[in-house]
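The structure appears below as structure tokens.
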Amino acid sequence: MGILDIVPAGVLTGENVRKLFDYAKENKFAIPAINVTSSSTANACLEAARDIKSPIILQVSQGGSAYYAGKGLANDKQQASITGATAAALHVRAVAKAYGVPVVMHSDHCAHKLLPWFDGMLDADEAYFKEHGEPLFSSHMLDLSEESKEENIATCVKYFKRMAPLGLWLEMEIGITGGEEDGVDNTGVDNASLYTQPPDIFDVHDALSKISPNFSIAAAFGNVHGVYKPGNVRLQPDLLGKHQAYASEKLGGNSAKPLYLVFHGGSGSTKDEIKTAVGSGVVKMNVDTDTQFAYLAGIRDFVLTKKDYLAKQVGNPEGDDKPNKKYYDPRVWVREGEKTLTVRVKEACTDLGNVGRL
């Protein structure tokens, strides 16, 4: 039985998101979450998922959302980020079914200072729900890991009470992901903050499970955004198994892995680290840095290889009167980036065991 026997193709919401993650846990695989910043990157990810018959998670960051709407728009009140995130979700909804794969449409890290962006997306979810009976997005992430544990949980509870009636999944983070991404710099945080302890994880579960079962936890185990030299990042994915064991014991032992866990800072991780994380109940792994570089690679190589055809509109090594439109047309060189991005997305899926799951 494949996942399409359980959930439909297209953007998933409500119980179908949980069914997807349950299927992943039961079958010991995880789904990569790829940050998208344009219809081009979104389509490439969907193409990769279609080709290897796998579900996929597409997500937008606050900065990526603003870019999706257009860098020429003002964003002093998060208006460009709200508009761009909404546009991305509407685009993915419009094309996802055509690719024949289940898709989780997600918004990435939202720190306390970015809550107006989160509020705007929820407004869009509620408006979509009134018309269609389901939210625009599948899920949203709150990243209040820089706040106290008490404030983090309280704010998540407040928002989850608004989200749950719509059928929205909540991802929250406790413990800090190091490094720098999308304008958030955690390179100088205290090392202890990079490793969340089991009692803290259970406190989150205890608070959110009273509202709905549809939530996941990004627990820090040394994760760092970006790619660094081997040995510079000390991941401890075995901590995730301890979180599951602690929660299982607290809940009576009926489930060995009661938590839905998320792996942040996945770019550059070793195969063994990924395997340990997936075996501990990770159902989602974020991949951004590596896919950014992959998208660049195809475009970079095309430009370097065809530079003599891109210097001017007419005239190339084949003749001074030869036109170059078939080389500088964006549909040509952007497509080269899409091709190399699809290869990297397929690699991420393969690393997580997410191949041939439909």
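We label chains A, B, ... in the order they appear in the structure tokens, count residues from 1 in each chain, and number ligands from 1 in the order shown.
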Can you list, as a count of residues only, every protein, DNA or RNA residue that comes within 12 Å of Leu90 (chain A) when you count only C-alpha atoms, leaving out same-chain residues fewer than 4 positions away? 21
I'd like to know which residues of region 123-356 of chain A are alpha helix (DSSP H) (by DSSP, run on the backbone); could you write them as a CSV table (one decimal) with N, CA and C atoms, in the first residue's frame?
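Printed below is states_6.csv as written:
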chain,number,residue,atom,x,y,z
A,123,ASP,N,-4.7,34.9,8.5
A,123,ASP,CA,-5.8,35.6,7.9
A,123,ASP,C,-6.2,35.0,6.6
A,124,ALA,N,-5.1,34.8,5.8
A,124,ALA,CA,-5.3,34.2,4.5
A,124,ALA,C,-5.9,32.7,4.6
A,125,ASP,N,-5.4,32.0,5.6
A,125,ASP,CA,-5.9,30.7,5.8
A,125,ASP,C,-7.4,30.7,6.2
A,126,GLU,N,-7.8,31.6,7.0
A,126,GLU,CA,-9.2,31.7,7.5
A,126,GLU,C,-10.1,32.2,6.3
A,127,ALA,N,-9.6,33.1,5.5
A,127,ALA,CA,-10.4,33.5,4.3
A,127,ALA,C,-10.6,32.3,3.3
A,128,TYR,N,-9.5,31.6,3.1
A,128,TYR,CA,-9.6,30.4,2.2
A,128,TYR,C,-10.5,29.3,2.8
A,129,PHE,N,-10.4,29.2,4.1
A,129,PHE,CA,-11.3,28.2,4.8
A,129,PHE,C,-12.8,28.5,4.6
A,130,LYS,N,-13.1,29.8,4.7
A,130,LYS,CA,-14.5,30.2,4.6
A,130,LYS,C,-15.1,29.8,3.2
A,131,GLU,N,-14.2,29.8,2.2
A,131,GLU,CA,-14.7,29.5,0.9
A,131,GLU,C,-14.5,28.1,0.5
A,132,HIS,N,-13.5,27.4,1.0
A,132,HIS,CA,-13.2,26.0,0.5
A,132,HIS,C,-13.3,25.0,1.6
A,149,LYS,N,11.3,29.2,27.8
A,149,LYS,CA,10.5,28.0,27.5
A,149,LYS,C,9.0,28.3,27.8
A,150,GLU,N,8.8,29.0,28.9
A,150,GLU,CA,7.4,29.3,29.2
A,150,GLU,C,6.7,30.2,28.2
A,151,GLU,N,7.4,31.2,27.8
A,151,GLU,CA,6.8,32.1,26.8
A,151,GLU,C,6.6,31.4,25.4
A,152,ASN,N,7.6,30.6,25.1
A,152,ASN,CA,7.6,29.9,23.8
A,152,ASN,C,6.3,29.0,23.8
A,153,ILE,N,6.1,28.2,24.8
A,153,ILE,CA,5.0,27.3,24.9
A,153,ILE,C,3.7,28.1,24.9
A,154,ALA,N,3.6,29.1,25.8
A,154,ALA,CA,2.4,29.9,25.9
A,154,ALA,C,1.9,30.5,24.6
A,155,THR,N,2.9,31.0,23.8
A,155,THR,CA,2.6,31.7,22.6
A,155,THR,C,2.1,30.6,21.5
A,156,CYS,N,2.8,29.5,21.5
A,156,CYS,CA,2.4,28.4,20.7
A,156,CYS,C,1.0,27.9,21.0
A,157,VAL,N,0.7,27.8,22.2
A,157,VAL,CA,-0.7,27.4,22.6
A,157,VAL,C,-1.7,28.4,22.1
A,158,LYS,N,-1.4,29.7,22.3
A,158,LYS,CA,-2.3,30.7,21.9
A,158,LYS,C,-2.6,30.6,20.4
A,159,TYR,N,-1.6,30.5,19.6
A,159,TYR,CA,-1.8,30.4,18.1
A,159,TYR,C,-2.4,29.0,17.7
A,160,PHE,N,-2.0,28.0,18.4
A,160,PHE,CA,-2.5,26.7,18.0
A,160,PHE,C,-4.0,26.6,18.2
A,161,LYS,N,-4.5,27.3,19.2
A,161,LYS,CA,-6.0,27.3,19.4
A,161,LYS,C,-6.7,28.0,18.3
A,162,ARG,N,-6.0,28.9,17.6
A,162,ARG,CA,-6.6,29.5,16.4
A,162,ARG,C,-6.4,28.6,15.2
A,163,MET,N,-5.3,27.9,15.1
A,163,MET,CA,-5.0,27.1,14.0
A,163,MET,C,-5.8,25.8,13.9
A,198,PRO,N,15.0,16.1,27.1
A,198,PRO,CA,13.7,15.4,27.0
A,198,PRO,C,12.6,16.0,27.9
A,199,PRO,N,12.8,16.4,29.1
A,199,PRO,CA,11.7,17.0,29.8
A,199,PRO,C,11.1,18.3,29.2
A,200,ASP,N,12.0,19.0,28.5
A,200,ASP,CA,11.5,20.2,27.8
A,200,ASP,C,10.6,19.8,26.6
A,201,ILE,N,11.0,18.8,25.9
A,201,ILE,CA,10.2,18.3,24.8
A,201,ILE,C,8.8,17.8,25.3
A,202,PHE,N,8.8,17.1,26.4
A,202,PHE,CA,7.5,16.6,26.9
A,202,PHE,C,6.6,17.7,27.4
A,203,ASP,N,7.2,18.8,27.9
A,203,ASP,CA,6.4,19.9,28.4
A,203,ASP,C,5.6,20.5,27.2
A,204,VAL,N,6.3,20.6,26.0
A,204,VAL,CA,5.7,21.1,24.8
A,204,VAL,C,4.6,20.1,24.4
A,205,HIS,N,4.8,18.8,24.4
A,205,HIS,CA,3.8,17.9,24.0
A,205,HIS,C,2.6,17.9,24.9
A,206,ASP,N,2.9,18.0,26.2
A,206,ASP,CA,1.8,18.0,27.1
A,206,ASP,C,0.9,19.2,26.9
A,207,ALA,N,1.4,20.4,26.6
A,207,ALA,CA,0.6,21.6,26.4
A,207,ALA,C,-0.1,21.6,25.1
A,208,LEU,N,0.5,21.2,24.0
A,208,LEU,CA,-0.1,21.2,22.7
A,208,LEU,C,-1.1,20.1,22.4
A,238,ASP,N,21.2,11.0,18.5
A,238,ASP,CA,20.8,10.0,19.5
A,238,ASP,C,19.9,10.6,20.5
A,239,LEU,N,20.0,12.0,20.7
A,239,LEU,CA,19.1,12.7,21.7
A,239,LEU,C,17.6,12.5,21.3
A,240,LEU,N,17.4,12.4,20.0
A,240,LEU,CA,16.0,12.3,19.5
A,240,LEU,C,15.3,11.0,20.0
A,241,GLY,N,16.1,9.9,20.0
A,241,GLY,CA,15.6,8.7,20.6
A,241,GLY,C,15.3,8.8,22.1
A,242,LYS,N,16.1,9.6,22.8
A,242,LYS,CA,15.9,9.8,24.2
A,242,LYS,C,14.6,10.6,24.4
A,243,HIS,N,14.3,11.5,23.5
A,243,HIS,CA,13.1,12.3,23.6
A,243,HIS,C,11.9,11.3,23.5
A,244,GLN,N,11.9,10.5,22.5
A,244,GLN,CA,10.8,9.5,22.2
A,244,GLN,C,10.7,8.6,23.4
A,245,ALA,N,11.7,8.1,24.0
A,245,ALA,CA,11.7,7.1,25.1
A,245,ALA,C,11.1,7.8,26.3
A,246,TYR,N,11.5,9.0,26.6
A,246,TYR,CA,11.0,9.8,27.7
A,246,TYR,C,9.5,10.0,27.6
A,247,ALA,N,9.1,10.5,26.4
A,247,ALA,CA,7.7,10.8,26.2
A,247,ALA,C,6.8,9.5,26.2
A,248,SER,N,7.4,8.4,25.6
A,248,SER,CA,6.6,7.2,25.6
A,248,SER,C,6.4,6.7,27.1
A,249,GLU,N,7.4,6.8,27.9
A,249,GLU,CA,7.2,6.4,29.3
A,249,GLU,C,6.2,7.2,30.0
A,250,LYS,N,6.3,8.5,29.8
A,250,LYS,CA,5.3,9.5,30.4
A,250,LYS,C,3.9,9.2,30.0
A,271,LYS,N,25.2,10.8,6.1
A,271,LYS,CA,24.2,9.8,5.9
A,271,LYS,C,23.8,9.1,7.2
A,272,ASP,N,24.9,8.8,8.0
A,272,ASP,CA,24.6,8.1,9.3
A,272,ASP,C,23.8,9.0,10.2
A,273,GLU,N,24.1,10.3,10.3
A,273,GLU,CA,23.3,11.2,11.1
A,273,GLU,C,21.9,11.3,10.7
A,274,ILE,N,21.6,11.3,9.4
A,274,ILE,CA,20.3,11.3,8.9
A,274,ILE,C,19.6,10.0,9.2
A,275,LYS,N,20.3,8.9,9.0
A,275,LYS,CA,19.7,7.6,9.3
A,275,LYS,C,19.3,7.5,10.8
A,276,THR,N,20.1,7.9,11.7
A,276,THR,CA,19.8,7.9,13.1
A,276,THR,C,18.6,8.8,13.4
A,277,ALA,N,18.5,9.9,12.8
A,277,ALA,CA,17.4,10.9,13.1
A,277,ALA,C,16.1,10.3,12.6
A,278,VAL,N,16.1,9.7,11.4
A,278,VAL,CA,14.9,9.1,10.8
A,278,VAL,C,14.4,7.9,11.7
A,279,GLY,N,15.4,7.1,12.1
A,279,GLY,CA,15.1,6.0,13.0
A,279,GLY,C,14.5,6.4,14.3
A,289,THR,N,20.2,25.2,2.2
A,289,THR,CA,21.5,25.7,1.7
A,289,THR,C,22.0,24.8,0.5
A,290,ASP,N,21.9,23.5,0.6
A,290,ASP,CA,22.3,22.7,-0.5
A,290,ASP,C,21.5,22.9,-1.8
A,291,THR,N,20.2,23.1,-1.6
A,291,THR,CA,19.4,23.2,-2.8
A,291,THR,C,19.5,24.6,-3.4
A,292,GLN,N,19.9,25.6,-2.6
A,292,GLN,CA,20.2,26.9,-3.2
A,292,GLN,C,21.4,26.8,-4.1
A,293,PHE,N,22.4,26.1,-3.6
A,293,PHE,CA,23.6,26.0,-4.4
A,293,PHE,C,23.4,25.1,-5.7
A,294,ALA,N,22.5,24.1,-5.5
A,294,ALA,CA,22.2,23.2,-6.7
A,294,ALA,C,21.5,24.0,-7.8
A,295,TYR,N,20.6,24.9,-7.4
A,295,TYR,CA,19.9,25.8,-8.4
A,295,TYR,C,20.9,26.7,-9.1
A,296,LEU,N,21.8,27.2,-8.4
A,296,LEU,CA,22.8,28.1,-9.0
A,296,LEU,C,23.7,27.3,-10.0
A,297,ALA,N,24.0,26.1,-9.6
A,297,ALA,CA,25.0,25.3,-10.4
A,297,ALA,C,24.6,25.2,-11.9
A,298,GLY,N,23.4,24.9,-12.1
A,298,GLY,CA,22.9,24.7,-13.5
A,298,GLY,C,23.0,26.0,-14.3
A,299,ILE,N,22.6,27.1,-13.6
A,299,ILE,CA,22.6,28.4,-14.3
A,299,ILE,C,24.1,28.8,-14.5
A,300,ARG,N,24.9,28.7,-13.5
A,300,ARG,CA,26.3,29.1,-13.5
A,300,ARG,C,27.0,28.3,-14.7
A,301,ASP,N,26.8,27.0,-14.7
A,301,ASP,CA,27.5,26.2,-15.7
A,301,ASP,C,27.1,26.6,-17.2
A,302,PHE,N,25.8,26.9,-17.3
A,302,PHE,CA,25.3,27.3,-18.6
A,302,PHE,C,25.9,28.6,-19.0
A,303,VAL,N,25.9,29.6,-18.1
A,303,VAL,CA,26.5,30.9,-18.5
A,303,VAL,C,28.0,30.8,-18.8
A,304,LEU,N,28.7,30.0,-18.0
A,304,LEU,CA,30.1,29.8,-18.3
A,304,LEU,C,30.4,29.1,-19.6
A,305,THR,N,29.6,28.1,-19.9
A,305,THR,CA,29.8,27.3,-21.1
A,305,THR,C,29.3,28.1,-22.4
A,307,LYS,N,29.1,31.5,-22.6
A,307,LYS,CA,29.4,32.9,-22.5
A,307,LYS,C,29.5,33.7,-23.8
A,308,ASP,N,30.0,33.0,-24.8
A,308,ASP,CA,30.2,33.7,-26.1
A,308,ASP,C,28.9,33.9,-26.8
A,309,TYR,N,27.8,33.2,-26.4
A,309,TYR,CA,26.5,33.3,-27.0
A,309,TYR,C,25.6,34.3,-26.1
A,310,LEU,N,26.2,34.8,-25.0
A,310,LEU,CA,25.4,35.6,-24.1
A,310,LEU,C,25.9,37.0,-24.0
A,325,LYS,N,19.0,34.6,-29.3
A,325,LYS,CA,17.8,34.6,-28.4
A,325,LYS,C,17.6,33.2,-27.8
A,326,LYS,N,17.9,32.2,-28.5
A,326,LYS,CA,17.6,30.8,-27.9
A,326,LYS,C,18.6,30.5,-26.8
A,327,TYR,N,19.6,31.4,-26.5
A,327,TYR,CA,20.5,31.2,-25.4
A,327,TYR,C,20.1,32.1,-24.2
A,328,TYR,N,19.7,33.4,-24.5
A,328,TYR,CA,19.5,34.3,-23.4
A,328,TYR,C,18.0,34.3,-23.0
A,330,PRO,N,15.1,33.5,-20.8
A,330,PRO,CA,15.2,33.0,-19.5
A,330,PRO,C,14.6,31.6,-19.3
A,331,ARG,N,13.8,31.2,-20.2
A,331,ARG,CA,13.2,29.8,-20.2
A,331,ARG,C,14.3,28.8,-20.4
A,332,VAL,N,15.4,29.2,-21.1
A,332,VAL,CA,16.5,28.3,-21.4
A,332,VAL,C,17.4,28.2,-20.2
A,333,TRP,N,18.0,29.3,-19.7
A,333,TRP,CA,19.0,29.3,-18.6
A,333,TRP,C,18.4,29.0,-17.3
A,334,VAL,N,17.2,29.5,-17.0
A,334,VAL,CA,16.5,29.2,-15.7
A,334,VAL,C,16.2,27.7,-15.7
A,335,ARG,N,15.8,27.1,-16.8
A,335,ARG,CA,15.5,25.7,-16.8
A,335,ARG,C,16.8,24.9,-16.4
A,336,GLU,N,18.0,25.3,-16.8
A,336,GLU,CA,19.2,24.6,-16.4
A,336,GLU,C,19.3,24.6,-14.9
A,337,GLY,N,18.9,25.6,-14.2
A,337,GLY,CA,18.9,25.6,-12.7
A,337,GLY,C,17.9,24.7,-12.2
A,338,GLU,N,16.7,24.6,-12.8
A,338,GLU,CA,15.7,23.7,-12.4
A,338,GLU,C,16.2,22.3,-12.5
A,339,LYS,N,16.9,22.0,-13.5
A,339,LYS,CA,17.4,20.6,-13.7
A,339,LYS,C,18.3,20.2,-12.6
A,340,THR,N,19.3,21.0,-12.3
A,340,THR,CA,20.2,20.6,-11.2
A,340,THR,C,19.6,20.7,-9.8
A,341,LEU,N,18.5,21.5,-9.7
A,341,LEU,CA,17.8,21.5,-8.4
A,341,LEU,C,17.0,20.2,-8.3
A,342,THR,N,16.4,19.7,-9.3
A,342,THR,CA,15.7,18.4,-9.2
A,342,THR,C,16.6,17.3,-8.8
A,343,VAL,N,17.8,17.3,-9.3
A,343,VAL,CA,18.8,16.2,-9.0
A,343,VAL,C,19.0,16.3,-7.5
A,344,ARG,N,19.2,17.5,-6.9
A,344,ARG,CA,19.5,17.6,-5.5
A,344,ARG,C,18.3,17.2,-4.6
A,345,VAL,N,17.1,17.6,-5.1
A,345,VAL,CA,15.9,17.2,-4.3
A,345,VAL,C,15.8,15.7,-4.3
A,346,LYS,N,16.0,15.0,-5.4
A,346,LYS,CA,16.0,13.6,-5.5
A,346,LYS,C,17.0,13.0,-4.5
A,347,GLU,N,18.2,13.6,-4.4
A,347,GLU,CA,19.2,13.1,-3.5
A,347,GLU,C,18.7,13.2,-2.1
A,348,ALA,N,18.1,14.3,-1.7
A,348,ALA,CA,17.6,14.5,-0.4
A,348,ALA,C,16.5,13.4,-0.1
A,349,CYS,N,15.7,13.2,-1.0
A,349,CYS,CA,14.6,12.2,-0.8
A,349,CYS,C,15.2,10.8,-0.6
A,350,THR,N,16.3,10.5,-1.4
A,350,THR,CA,16.9,9.2,-1.3
A,350,THR,C,17.6,9.0,0.0
A,351,ASP,N,18.3,10.0,0.5
A,351,ASP,CA,18.9,10.0,1.8
A,351,ASP,C,17.9,9.7,2.9
Give me the residues near Phe263 (chain A) as a PyMOL selection string, where near means some atom within 7 Å (using only C-alpha atoms) and where sequence neighbours in that chain fewer than 6 positions away do not count. chain A and resi 218+282+284-286
Residue subset to file, keeping N, CA, C and O atoms, as a PDB file, in the first residue's frame:
ATOM      1  N   ALA A 218      10.544  20.703  16.506  1.00  0.00           N
ATOM      2  CA  ALA A 218      11.929  20.792  16.038  1.00  0.00           C
ATOM      3  C   ALA A 218      12.809  20.913  17.279  1.00  0.00           C
ATOM      4  O   ALA A 218      12.942  21.995  17.856  1.00  0.00           O
ATOM      5  N   VAL A 282      12.005  11.183  13.220  1.00  0.00           N
ATOM      6  CA  VAL A 282      11.983  12.412  12.434  1.00  0.00           C
ATOM      7  C   VAL A 282      11.162  12.156  11.172  1.00  0.00           C
ATOM      8  O   VAL A 282      11.387  11.179  10.456  1.00  0.00           O
ATOM      9  N   LYS A 284      10.345  14.986   9.038  1.00  0.00           N
ATOM     10  CA  LYS A 284      10.595  16.130   8.152  1.00  0.00           C
ATOM     11  C   LYS A 284      12.012  16.626   8.371  1.00  0.00           C
ATOM     12  O   LYS A 284      12.451  16.784   9.509  1.00  0.00           O
ATOM     13  N   MET A 285      12.736  16.845   7.281  1.00  0.00           N
ATOM     14  CA  MET A 285      14.070  17.412   7.389  1.00  0.00           C
ATOM     15  C   MET A 285      14.196  18.606   6.451  1.00  0.00           C
ATOM     16  O   MET A 285      13.929  18.498   5.250  1.00  0.00           O
ATOM     17  N   ASN A 286      14.605  19.744   6.992  1.00  0.00           N
ATOM     18  CA  ASN A 286      14.761  20.957   6.193  1.00  0.00           C
ATOM     19  C   ASN A 286      16.044  20.908   5.365  1.00  0.00           C
ATOM     20  O   ASN A 286      17.112  20.562   5.879  1.00  0.00           O
TER      21      ASN A 286
END
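Take CA of Asn43 (chain A) and CA of Tyr99 (chain A): the distance between them is 9.1 Å.
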Between CA of Val60 (chain A) and CA of Pro8 (chain A), what is the spacing in Å? 22.3 Å
Within 9 Å of Phe118 (chain A), counting only C-alpha atoms, which residues show up once you throw out same-chain ones fewer than 2 positions away? Write them as a PyMOL selection string, please. chain A and resi 82+107+110+114-116+120-123+140-142
